[in-house]
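Asker: Pasting a structure below so you can have a look.
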Amino acid sequence: MSWFERMSGLEIAYFIIACIGTVLLLVQIVMMIIGADGDADLDTDTDGDGALDSHTDTGISLFTMKGLTAFFAIGGWTGVVLLSYGIKAAISVSVSVAAGLVAYVVVWLILRAVLKLQEDGTQDYGTAVGKTATVYVGIPPKRSGRGKITLTLQGRYTEADAVTDEEEKIPVDETVEIVETAGDFFVVKRKSNNG
């Protein structure tokens with residue numbers, strides 16, 4: 001422990017900050033590996049009713065725990081190294097803060113890039129309007145009941161409920177066009193009626 005006793009006050013501060021930042025960074029890495037979320041979302045109550053209404057971290061916020069721990073870990077170790085080589089305190093503080101900020105921005109950019117790789121698995125029924133589908137279960141006339149259609153939507157084979165405004169039932173295997181979306185079902189018409 002004689003090396004610790006030889007440290008100046010600034011070196012001790014850098015060392016403590018670096019150790020805490022490094023431990024937190026390692027904890028976050030382990031949590032990510034095991035599938036736990038290593039970032040804190042800050043919930044807010046905006047209308048005063050006592051219920052938490054929104055997340056301040058929508059997608060990827062500039063202020064994240066991963067970024068902060070990277071800032072403190074890299075900045076702290078940079079300061080320790082600079083002071084051990086006899087660099088003046090003012091310069092070491094400036095360089096340490098700059099190195100921490102660079103680490104912070106790099107972590108933020110990496111998290112943004114990773115987030116862009118994620119794919120939203122929800123299907124957007126609005127993109128189906130105008131598409132052709134095949135009747136899978138006959139569709140009763142004048143919206144008196146639901147039938148089923150099949151189509152390829154956003155690259156996936158999809159089966160969905162459908163109704164029609166037509167006067168006659170649309171039979172199985174008929175080709176139809178989707179004219180409208182209405183919640184969890186489609187409104188369709190016979191393809192032959194398009195002219």
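Numbering starts fresh at 1 for the residues of each chain in the structure tokens, the chains themselves are lettered A, B, ... in the order given, and ligands are numbered from 1 as they appear.
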For range 23-38 of chain A, please output as a short mmCIF file (atom, residue, chain, number, x, y, z; two decimals) with N, CA and C atoms, in the first residue's frame all residues within 10 Å (counting only C-alpha atoms; exclusion window: fewer than 2 positions along the same chain).

Answerer:
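The resulting result_14.cif:
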data_model
loop_
_atom_site.label_atom_id
_atom_site.label_comp_id
_atom_site.auth_asym_id
_atom_site.auth_seq_id
_atom_site.Cartn_x
_atom_site.Cartn_y
_atom_site.Cartn_z
N ALA A 18 -11.93 6.43 -11.17
CA ALA A 18 -11.65 5.41 -12.18
C ALA A 18 -12.10 4.02 -11.72
N CYS A 19 -11.84 3.70 -10.45
CA CYS A 19 -12.24 2.38 -9.93
C CYS A 19 -13.75 2.23 -9.91
N ILE A 20 -14.45 3.25 -9.42
CA ILE A 20 -15.92 3.19 -9.37
C ILE A 20 -16.49 3.09 -10.79
N GLY A 21 -15.98 3.92 -11.71
CA GLY A 21 -16.45 3.87 -13.10
C GLY A 21 -16.19 2.53 -13.75
N ALA A 40 -30.47 2.72 -17.03
CA ALA A 40 -31.59 3.19 -16.22
C ALA A 40 -32.49 4.08 -17.06
N ASP A 41 -33.79 3.81 -17.04
CA ASP A 41 -34.77 4.70 -17.66
C ASP A 41 -35.33 5.57 -16.56
N THR A 64 -27.00 8.50 -20.69
CA THR A 64 -27.21 7.11 -20.31
C THR A 64 -26.21 6.71 -19.24
N MET A 65 -26.54 5.67 -18.49
CA MET A 65 -25.62 5.17 -17.47
C MET A 65 -24.35 4.61 -18.11
N LYS A 66 -24.50 3.97 -19.25
CA LYS A 66 -23.31 3.43 -19.93
C LYS A 66 -22.35 4.55 -20.32
N GLY A 67 -22.90 5.63 -20.83
CA GLY A 67 -22.06 6.78 -21.21
C GLY A 67 -21.38 7.42 -20.01
N LEU A 68 -22.14 7.58 -18.94
CA LEU A 68 -21.56 8.19 -17.73
C LEU A 68 -20.46 7.32 -17.13
N THR A 69 -20.69 6.01 -17.07
CA THR A 69 -19.65 5.15 -16.50
C THR A 69 -18.42 5.13 -17.40
N ALA A 70 -18.62 5.17 -18.71
CA ALA A 70 -17.46 5.25 -19.61
C ALA A 70 -16.69 6.55 -19.40
N PHE A 72 -16.47 8.38 -16.63
CA PHE A 72 -15.71 8.35 -15.38
C PHE A 72 -14.56 7.35 -15.43
N ALA A 73 -14.79 6.18 -16.03
CA ALA A 73 -13.73 5.17 -16.09
C ALA A 73 -12.56 5.65 -16.94
#

Asker: Which residues are close to range 145-158 of chain A, i.e. within 7 Å by only C-alpha atoms, leaving aside same-chain residues fewer than 6 positions away? Reply as a list in words.

Answerer: Ala128, Ala133, Thr134, Val135, Tyr136, Val137, Gly138 and Ile139 of chain A

Asker: Can you pull out every residue within 12 Å of Ile16 in chain A, counting only C-alpha atoms, but drop anything in the same chain fewer than 6 positions away, and send it as a PyMOL selection string?

Answerer: chain A and resi 4+7+9-10+22-23+72-73+75-77+79-80

Asker: For CA of Ser94 in chain A and CA of Glu5 in chain A, quote the distance in Å rounded to one decimal.

Answerer: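 Computing the Euclidean distance for CA of Ser94 in chain A and CA of Glu5 in chain A yields 24.6 Å.
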